[in-house]
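Content type mmCIF, C-alpha atoms and all ligand atoms, from the file input.cif:
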data_coords
loop_
_atom_site.label_atom_id
_atom_site.label_comp_id
_atom_site.auth_asym_id
_atom_site.auth_seq_id
_atom_site.Cartn_x
_atom_site.Cartn_y
_atom_site.Cartn_z
CA MET A 20 29.68 -41.09 64.32
CA LYS A 21 30.51 -44.21 66.22
CA ASN A 22 34.25 -43.68 66.15
CA THR A 23 34.34 -40.41 68.05
CA VAL A 24 34.13 -39.90 71.77
CA LYS A 25 30.97 -37.97 72.56
CA PRO A 26 30.91 -35.33 75.26
CA LYS A 27 28.23 -37.16 77.24
CA ASN A 28 30.64 -40.01 77.80
CA CYS A 29 33.27 -37.73 79.19
CA LYS A 30 32.15 -37.95 82.80
CA LYS A 31 32.26 -41.70 82.66
CA ILE A 32 35.65 -41.71 81.00
CA ILE A 33 37.08 -39.26 83.48
CA ILE A 34 35.79 -41.34 86.42
CA ILE A 35 37.18 -44.50 84.89
CA SER A 36 40.43 -42.70 84.22
CA PHE A 37 40.59 -41.53 87.82
CA ILE A 38 40.07 -45.03 89.13
CA SER A 39 42.64 -46.52 86.83
CA ILE A 40 45.14 -43.81 87.59
CA SER A 41 44.67 -44.56 91.30
CA PHE A 42 45.43 -48.18 90.56
CA LEU A 43 48.48 -47.14 88.67
CA ILE A 44 49.96 -45.60 91.77
CA THR A 45 50.32 -49.10 93.16
CA LEU A 46 50.45 -51.03 89.90
CA ALA A 47 53.18 -49.40 87.87
CA SER A 48 53.16 -52.33 85.46
CA ILE A 49 49.96 -51.34 83.66
CA ASN A 50 51.23 -48.08 82.29
CA GLU A 51 49.58 -48.55 78.91
CA ILE A 52 46.09 -48.19 80.33
CA GLN A 53 47.02 -44.81 81.65
CA PHE A 54 48.02 -43.66 78.21
CA GLY A 55 44.84 -45.06 76.68
CA ASN A 56 42.63 -43.17 79.10
CA LEU A 57 44.58 -39.97 78.92
CA SER A 58 44.12 -39.88 75.17
CA ASN A 59 40.36 -40.35 75.67
CA ILE A 60 40.30 -37.38 78.00
CA ARG A 61 41.98 -35.36 75.29
CA ASN A 62 39.28 -36.39 72.81
CA CYS A 63 36.63 -35.30 75.29
CA ALA A 64 38.17 -31.87 75.35
CA ILE A 65 38.24 -31.64 71.57
CA TYR A 66 34.56 -32.49 71.23
CA SER A 67 33.25 -30.72 74.33
CA PRO A 68 30.54 -28.08 73.77
CA SER A 69 32.70 -25.30 75.22
CA VAL A 70 34.94 -25.29 72.16
CA GLU A 71 32.24 -26.18 69.66
CA ASN A 72 31.81 -22.60 68.56
CA SER A 73 35.42 -21.88 67.91
CA ILE A 74 36.78 -21.89 64.40
CA HIS A 75 39.71 -24.22 64.05
CA PRO A 76 41.13 -26.42 61.33
CA VAL A 77 39.73 -29.72 60.27
CA ILE A 78 39.91 -32.06 63.23
CA LYS A 79 42.53 -34.69 62.71
CA SER A 80 42.30 -37.78 64.80
CA SER A 81 44.05 -41.05 64.37
CA GLU A 82 40.96 -43.24 64.47
CA GLU A 83 41.56 -46.24 62.31
CA ASP A 84 38.25 -46.44 60.51
CA GLU A 85 37.83 -42.75 59.81
CA ILE A 86 37.59 -41.77 56.15
CA ARG A 87 40.86 -40.44 54.78
CA ILE A 88 40.65 -38.11 51.80
CA LEU A 89 43.26 -36.19 49.85
CA VAL A 90 41.84 -33.12 48.14
CA GLY A 91 44.38 -32.09 45.50
CA ILE A 92 43.60 -28.70 44.06
CA LEU A 93 45.36 -28.21 40.75
CA THR A 94 46.60 -24.65 40.53
CA LEU A 95 49.62 -22.59 39.50
CA ALA A 96 52.68 -21.72 41.56
CA ASP A 97 52.08 -17.97 41.25
CA ASN A 98 48.51 -18.11 42.58
CA HIS A 99 49.51 -17.24 46.15
CA GLU A 100 46.39 -15.23 46.81
CA ARG A 101 44.03 -17.95 45.69
CA ARG A 102 45.80 -20.42 47.95
CA HIS A 103 45.61 -18.03 50.86
CA PHE A 104 41.90 -17.68 50.26
CA LEU A 105 41.29 -21.42 49.89
CA ARG A 106 43.18 -22.05 53.13
CA LEU A 107 40.66 -19.81 54.87
CA VAL A 108 37.78 -21.63 53.22
CA TYR A 109 39.00 -25.14 54.05
CA GLY A 110 40.81 -24.42 57.32
CA THR A 111 37.55 -23.29 58.93
CA GLN A 112 35.54 -26.38 58.05
CA GLN A 113 35.13 -28.99 60.75
CA VAL A 114 34.77 -32.61 59.80
CA VAL A 115 34.38 -35.16 62.56
CA GLY A 116 35.36 -38.76 61.85
CA ALA A 117 37.38 -37.94 58.75
CA LYS A 118 40.94 -36.95 57.99
CA ILE A 119 40.99 -34.60 55.05
CA ASP A 120 44.18 -33.12 53.66
CA VAL A 121 43.79 -30.27 51.22
CA LYS A 122 46.90 -29.82 49.09
CA PHE A 123 47.78 -27.53 46.22
CA VAL A 124 49.28 -29.18 43.19
CA PHE A 125 51.39 -27.70 40.43
CA CYS A 126 54.33 -28.47 38.14
CA ASN A 127 57.99 -27.51 38.39
CA LEU A 128 58.83 -23.99 39.46
CA THR A 129 60.16 -21.86 36.64
CA LYS A 130 61.24 -18.55 38.21
CA GLU A 131 63.95 -17.65 40.67
CA ASP A 132 61.72 -15.82 43.15
CA GLN A 133 59.28 -18.74 43.31
CA LYS A 134 61.92 -20.82 45.05
CA THR A 135 61.97 -18.55 48.09
CA LEU A 136 58.27 -17.75 48.17
CA LEU A 137 57.17 -21.35 47.76
CA ALA A 138 59.70 -22.62 50.28
CA LEU A 139 58.31 -20.16 52.84
CA GLU A 140 54.77 -21.21 52.04
CA ILE A 141 55.67 -24.85 52.52
CA MET A 142 57.48 -24.10 55.79
CA LEU A 143 54.33 -22.49 57.15
CA HIS A 144 51.58 -24.64 55.64
CA ASN A 145 53.14 -27.84 54.32
CA ASP A 146 50.26 -28.27 51.89
CA ILE A 147 51.98 -28.11 48.52
CA ILE A 148 52.80 -30.83 46.01
CA ILE A 149 55.22 -29.94 43.23
CA LEU A 150 55.07 -32.51 40.47
CA ASN A 151 57.81 -33.37 38.04
CA CYS A 152 56.24 -31.76 34.97
CA LYS A 153 56.10 -28.60 32.93
CA GLU A 154 53.00 -26.57 33.76
CA ASN A 155 50.04 -27.57 31.56
CA MET A 156 46.35 -28.26 31.85
CA ASP A 157 45.44 -30.76 29.20
CA LYS A 158 48.78 -32.39 28.48
CA GLY A 159 49.07 -34.85 31.30
CA LYS A 160 49.24 -32.85 34.55
CA THR A 161 46.36 -34.89 35.91
CA TYR A 162 48.16 -38.08 34.97
CA THR A 163 51.35 -36.89 36.67
CA TYR A 164 49.32 -35.98 39.75
CA PHE A 165 47.61 -39.32 40.24
CA SER A 166 50.52 -41.47 39.10
CA SER A 167 53.00 -39.70 41.42
CA LEU A 168 50.95 -40.15 44.57
CA PRO A 169 51.68 -43.80 45.44
CA ASP A 170 55.46 -43.29 45.52
CA MET A 171 55.16 -39.85 47.06
CA LEU A 172 53.05 -41.13 49.94
CA LYS A 173 54.71 -44.50 50.37
CA SER A 174 56.28 -44.81 53.76
CA ASP A 175 59.13 -47.05 54.88
CA ASP A 176 57.39 -47.28 58.22
CA LEU A 177 55.78 -50.71 58.42
CA ASP A 178 53.13 -49.36 60.79
CA ALA A 179 52.14 -46.65 58.32
CA ILE A 180 48.47 -46.38 57.59
CA ASN A 181 47.58 -48.18 54.41
CA PRO A 182 46.22 -46.99 52.08
CA PRO A 183 47.38 -43.45 52.91
CA TYR A 184 44.00 -42.20 51.70
CA HIS A 185 40.80 -44.05 50.90
CA TYR A 186 39.91 -41.45 48.32
CA VAL A 187 41.76 -38.90 46.21
CA ILE A 188 40.15 -35.85 44.66
CA LYS A 189 41.32 -33.81 41.72
CA GLY A 190 39.72 -30.41 42.15
CA ASP A 191 39.84 -27.00 40.48
CA ASP A 192 40.78 -23.82 42.31
CA ASP A 193 37.43 -22.23 41.44
CA THR A 194 35.46 -25.00 43.14
CA TYR A 195 34.16 -24.80 46.70
CA PHE A 196 33.87 -28.16 48.45
CA ARG A 197 31.75 -28.44 51.56
CA LEU A 198 33.78 -31.11 53.27
CA PRO A 199 31.23 -32.32 55.87
CA LYS A 200 28.65 -32.87 53.10
CA LEU A 201 31.24 -34.61 50.97
CA VAL A 202 32.03 -37.01 53.81
CA GLU A 203 28.32 -37.59 54.47
CA THR A 204 27.79 -38.70 50.87
CA LEU A 205 30.89 -40.89 50.91
CA ARG A 206 30.09 -42.82 54.10
CA PRO A 207 27.72 -45.34 52.50
CA LEU A 208 29.83 -45.75 49.34
CA PRO A 209 32.39 -48.46 48.57
CA ARG A 210 36.05 -47.72 49.22
CA GLU A 211 37.15 -49.67 46.16
CA ASP A 212 36.79 -49.06 42.46
CA LEU A 213 34.81 -45.86 42.99
CA TYR A 214 34.53 -42.89 40.62
CA TYR A 215 32.50 -40.01 42.04
CA GLY A 216 31.59 -36.62 40.66
CA TYR A 217 29.40 -34.52 38.44
CA VAL A 218 28.49 -36.41 35.28
CA VAL A 219 29.18 -34.63 31.99
CA PRO A 220 27.26 -33.49 29.95
CA CYS A 221 25.12 -31.35 32.21
CA PRO A 222 21.69 -32.92 31.54
CA SER A 223 23.06 -36.47 31.85
CA MET A 224 22.34 -38.38 35.04
CA ASP A 225 23.99 -41.68 34.11
CA PRO A 226 27.51 -41.98 35.58
CA PHE A 227 28.28 -45.02 33.40
CA VAL A 228 28.02 -43.29 30.03
CA HIS A 229 30.46 -40.41 30.03
CA TYR A 230 32.85 -38.99 32.61
CA MET A 231 32.98 -36.76 35.68
CA SER A 232 33.53 -33.03 35.31
CA GLY A 233 36.97 -31.63 36.09
CA MET A 234 35.41 -29.26 38.65
CA GLY A 235 36.23 -32.02 41.12
CA TYR A 236 36.10 -35.77 40.86
CA LEU A 237 37.03 -38.42 43.35
CA VAL A 238 38.44 -41.90 42.97
CA SER A 239 39.29 -44.63 45.42
CA TRP A 240 42.95 -45.40 46.15
CA ASP A 241 42.99 -48.62 44.10
CA ILE A 242 42.25 -46.56 40.99
CA VAL A 243 45.11 -44.21 41.83
CA GLU A 244 47.43 -47.22 41.98
CA TRP A 245 46.00 -48.56 38.77
CA ILE A 246 46.73 -45.24 37.02
CA LYS A 247 50.33 -45.50 38.14
CA ASP A 248 50.77 -49.12 37.03
CA SER A 249 48.67 -49.41 33.90
CA GLU A 250 49.85 -48.72 30.36
CA ILE A 251 46.46 -47.35 29.37
CA PRO A 252 46.77 -43.83 30.84
CA LYS A 253 50.40 -43.52 29.69
CA ARG A 254 49.33 -43.91 26.07
CA HIS A 255 46.64 -41.25 26.24
CA LEU A 256 47.63 -37.98 27.91
CA ILE A 257 46.52 -35.21 25.57
CA GLY A 258 43.04 -33.72 25.69
CA PRO A 259 40.60 -32.23 28.19
CA GLU A 260 41.83 -33.80 31.41
CA ASP A 261 38.45 -34.85 32.76
CA LYS A 262 37.40 -36.49 29.50
CA VAL A 263 40.78 -38.20 29.18
CA PHE A 264 40.37 -39.54 32.71
CA GLY A 265 36.98 -40.96 31.73
CA ASP A 266 38.58 -42.62 28.69
CA TRP A 267 41.17 -44.36 30.90
CA VAL A 268 38.63 -45.91 33.23
CA ARG A 269 36.45 -46.97 30.31
CA GLU A 270 39.31 -48.58 28.42
CA GLY A 271 40.67 -50.16 31.59
CA ARG A 272 37.18 -51.33 32.62
CA ARG A 273 37.65 -49.68 35.99
CA ALA A 274 35.23 -47.96 38.31
CA LYS A 275 32.42 -50.45 38.48
CA ASN A 276 31.20 -48.30 41.36
CA ARG A 277 30.16 -44.84 40.31
CA TYR A 278 28.32 -42.09 42.05
CA ASN A 279 26.70 -39.15 40.32
CA ALA A 280 26.81 -36.25 42.80
CA LYS A 281 24.55 -34.11 40.63
CA TRP A 282 22.70 -31.96 41.77
CA SER A 283 24.70 -31.67 44.95
CA MET A 284 27.51 -30.44 42.75
CA TYR A 285 26.79 -27.69 40.28
CA ASP A 286 28.01 -24.48 38.69
CA PHE A 287 27.36 -21.16 40.39
CA PRO A 288 23.84 -19.96 39.45
CA GLU A 289 25.11 -17.16 37.22
CA PRO A 290 25.39 -17.16 34.32
CA GLU A 291 22.44 -19.50 34.08
CA THR A 292 23.22 -22.59 32.04
CA ARG A 293 22.06 -26.18 31.96
CA CYS A 294 24.79 -26.89 34.50
CA THR A 295 23.50 -24.56 37.22
CA HIS A 296 20.69 -24.09 39.67
CA GLU A 297 20.20 -21.85 42.70
CA LEU A 298 22.37 -22.37 45.77
CA TRP A 299 20.68 -24.89 48.03
CA PRO A 300 21.46 -26.56 51.34
CA ASP A 301 22.16 -30.03 49.96
CA THR A 302 25.45 -28.97 48.38
CA VAL A 303 28.72 -30.85 48.10
CA ALA A 304 30.45 -28.45 45.70
CA VAL A 305 29.89 -25.23 43.80
CA HIS A 306 31.97 -24.59 40.70
CA ARG A 307 32.90 -21.60 38.54
CA LEU A 308 33.54 -19.27 41.43
CA LYS A 309 35.43 -16.94 39.18
CA THR A 310 35.13 -13.73 41.19
CA GLN A 311 35.43 -12.72 44.81
CA GLU A 312 31.81 -11.60 44.74
CA LYS A 313 30.67 -15.10 43.74
CA TRP A 314 32.78 -16.66 46.47
CA VAL A 315 31.40 -14.31 49.09
CA ARG A 316 27.81 -14.88 48.03
CA THR A 317 28.37 -18.61 48.24
CA LEU A 318 30.10 -18.50 51.63
CA ASP A 319 27.37 -16.22 53.00
CA TYR A 320 24.65 -18.52 51.74
CA PHE A 321 26.22 -21.39 53.68
CA ASN A 322 26.56 -19.29 56.84
CA VAL A 323 30.24 -20.03 57.18
CA THR A 324 30.86 -17.15 59.60
CA HIS A 325 27.91 -17.87 61.90
CA ASN A 326 30.21 -19.36 64.52
CA LEU A 327 32.37 -16.25 64.83
CA LYS A 328 33.00 -15.65 68.53
CA PRO A 329 32.05 -12.26 69.94
CA SER A 330 34.99 -10.33 71.28
CA LYS A 331 35.88 -6.87 72.50
CA MET A 332 38.67 -6.84 69.93
CA TYR A 333 36.51 -6.49 66.83
CA HIS A 334 33.04 -5.58 65.67
CA ILE A 335 31.67 -7.09 62.50
CA PRO A 336 28.11 -5.92 61.87
C1 LIG B 401 61.45 -30.73 37.20
O1 LIG B 401 62.45 -30.38 38.14
C2 LIG B 401 63.29 -31.46 38.50
C3 LIG B 401 64.18 -31.00 39.63
O2 LIG B 401 64.73 -29.75 39.37
C4 LIG B 401 64.07 -31.93 37.28
O3 LIG B 401 64.93 -33.00 37.61
C5 LIG B 401 63.08 -32.37 36.21
O4 LIG B 401 63.75 -32.72 35.03
C6 LIG B 401 62.08 -31.26 35.91
N1 LIG B 401 61.05 -31.81 35.06
C7 LIG B 401 60.60 -31.21 33.97
C8 LIG B 401 59.55 -31.92 33.20
O5 LIG B 401 61.00 -30.12 33.58
C1 LIG B 402 21.74 -19.94 57.29
O1 LIG B 402 21.20 -19.31 58.43
C2 LIG B 402 19.84 -18.87 58.25
C3 LIG B 402 19.48 -18.07 59.48
O2 LIG B 402 19.83 -18.72 60.67
C4 LIG B 402 18.97 -20.10 58.05
O3 LIG B 402 17.62 -19.71 57.87
C5 LIG B 402 19.45 -20.85 56.80
O4 LIG B 402 18.72 -22.03 56.64
C6 LIG B 402 20.94 -21.17 56.92
N1 LIG B 402 21.37 -21.68 55.62
C7 LIG B 402 21.98 -22.85 55.47
C8 LIG B 402 22.32 -23.22 54.06
O5 LIG B 402 22.24 -23.60 56.38
#

How would this structure read if it were set down as structure tokens?
Ligand SMILES: *[C@@H]1O[C@H](CO)[C@@H](O)[C@H](O)[C@H]1NC(C)=O
Ligand SMILES: *[C@@H]1O[C@H](CO)[C@@H](O)[C@H](O)[C@H]1NC(C)=O
Amino acid sequence: MKNTVKPKNCKKIIIISFISISFLITLASINEIQFGNLSNIRNCAIYSPSVENSIHPVIKSSEEDEIRILVGILTLADNHERRHFLRLVYGTQQVVGAKIDVKFVFCNLTKEDQKTLLALEIMLHNDIIILNCKENMDKGKTYTYFSSLPDMLKSDDLDAINPPYHYVIKGDDDTYFRLPKLVETLRPLPREDLYYGYVVPCPSMDPFVHYMSGMGYLVSWDIVEWIKDSEIPKRHLIGPEDKVFGDWVREGRRAKNRYNAKWSMYDFPEPETRCTHELWPDTVAVHRLKTQEKWVRTLDYFNVTHNLKPSKMYHIP
């Protein structure tokens, strides 16, 4: 991870900082250096071993060449509990050298009480996207999602990071993404014209024949912009959303770069189908987590609570 400051460099950085700060006492004109070094000291603290064991949200740094990913989880406004649970699952994953925003995506609110509840949720978490659509699964919600993003994320600030994300994911709320593994598989891949996911049908291994399963697929930002601008998706909105998505890229001759993440992505082992296998370490995503028991078995398998700090305040056997 060349773009992060490693703890072993901290000593050096702190010494350099000390020297430059001493200079600054007499040379007030080189203020900028002070700021540069101070921010490095802050990075040292973030990555120092003493806080390595603590559970805290995805590390966000402003490194320019870090991978930026938007994970949009399509769900329903009333699914408060699922969102609460997914915030636990994603908020405790650490990804160094990447900026990953997990957001929950649904259509227009329809009930009075939703206005208050959702506004409160947004005030606390700011991780919700409400699209201009009537709630649906296979009648264009996915189109509205992708095609709304460029305007939604466009900034008037000329210094704004562009593109806002290198990659955008459409995911289901019964899919568990292991974000560090996801980033690991993305690092060597192109950042343009990319379509990444689990090839359908289950036995197929050729990403150029069919399409990626709706459990969670990823595209590069240029494809998001193409979806917004092209007439092809607009003409074809009805049908299983993942298949329809595949039809767009085929008709538009997009996604010359494709990556089949099978068998790092798969359905939960039970019930056993041609789309499953046992849980294994090399996992980017597990799908069809339809019950709490399946979620817990999956989270336990991946040791997600191993870093829990001991404390006098609780005892978890
Ligand atoms: C969604 O809500 C907005 C704002 O209230 C409204 O202008 C728009 O017409 C609604 N869209 C649909 C598809 O109902
Ligand atoms: C979880 O922890 C156990 C015990 O330390 C270890 O044997 C196993 O490989 C870990 N599993 C994964 C998926 O990392």

Please report, as AutoDock Vina command-line options, the centre and edge lengths in Å to one decimal of an axis-aligned box covering all listed atoms of ligand LIG 402 (chain B) with 3 Å per side.
--center_x 20.0 --center_y -20.8 --center_z 57.4 --size_x 10.7 --size_y 11.5 --size_z 12.6

List the spatial neighbours of Trp267 (chain A) as a ChimeraX atom specification - criterion: any atom at most 10 Å away, only C-alpha atoms, same-chain residues fewer than 2 positions off excluded. /A:246,249-256,262-265,269-273

Check which residues fall inside 12 Å of ligand LIG 402 (chain B) when counting only C-alpha atoms and all ligand atoms, and print them as a PyMOL selection string. chain A and resi 197+200+297-303+316-326

Env of Phe104 (chain A): 10 Å cut, atoms = all atoms listed in the file, seq-sep filter 5 positions within chain, self excluded. Answer as a ChimeraX atom specification. /A:99,109-110,311,314

A straight line from CA of Ala274 (chain A) to CA of Val187 (chain A) spans 13.7 Å

12 Å shell around ligand LIG 401 (chain B) using all atoms listed in the file, listed as a ChimeraX atom specification: /A:125-130,134,149-155,158-160,163

List every protein, DNA or RNA residue with an atom no more than 12 Å from (42.1, -44.7, 40.2) in the file's coordinates, counting only C-alpha atoms, and format the result as a ChimeraX atom specification. /A:161-162,164-166,168-169,184-189,210-215,236-249,251-252,264-265,267-269,271-277
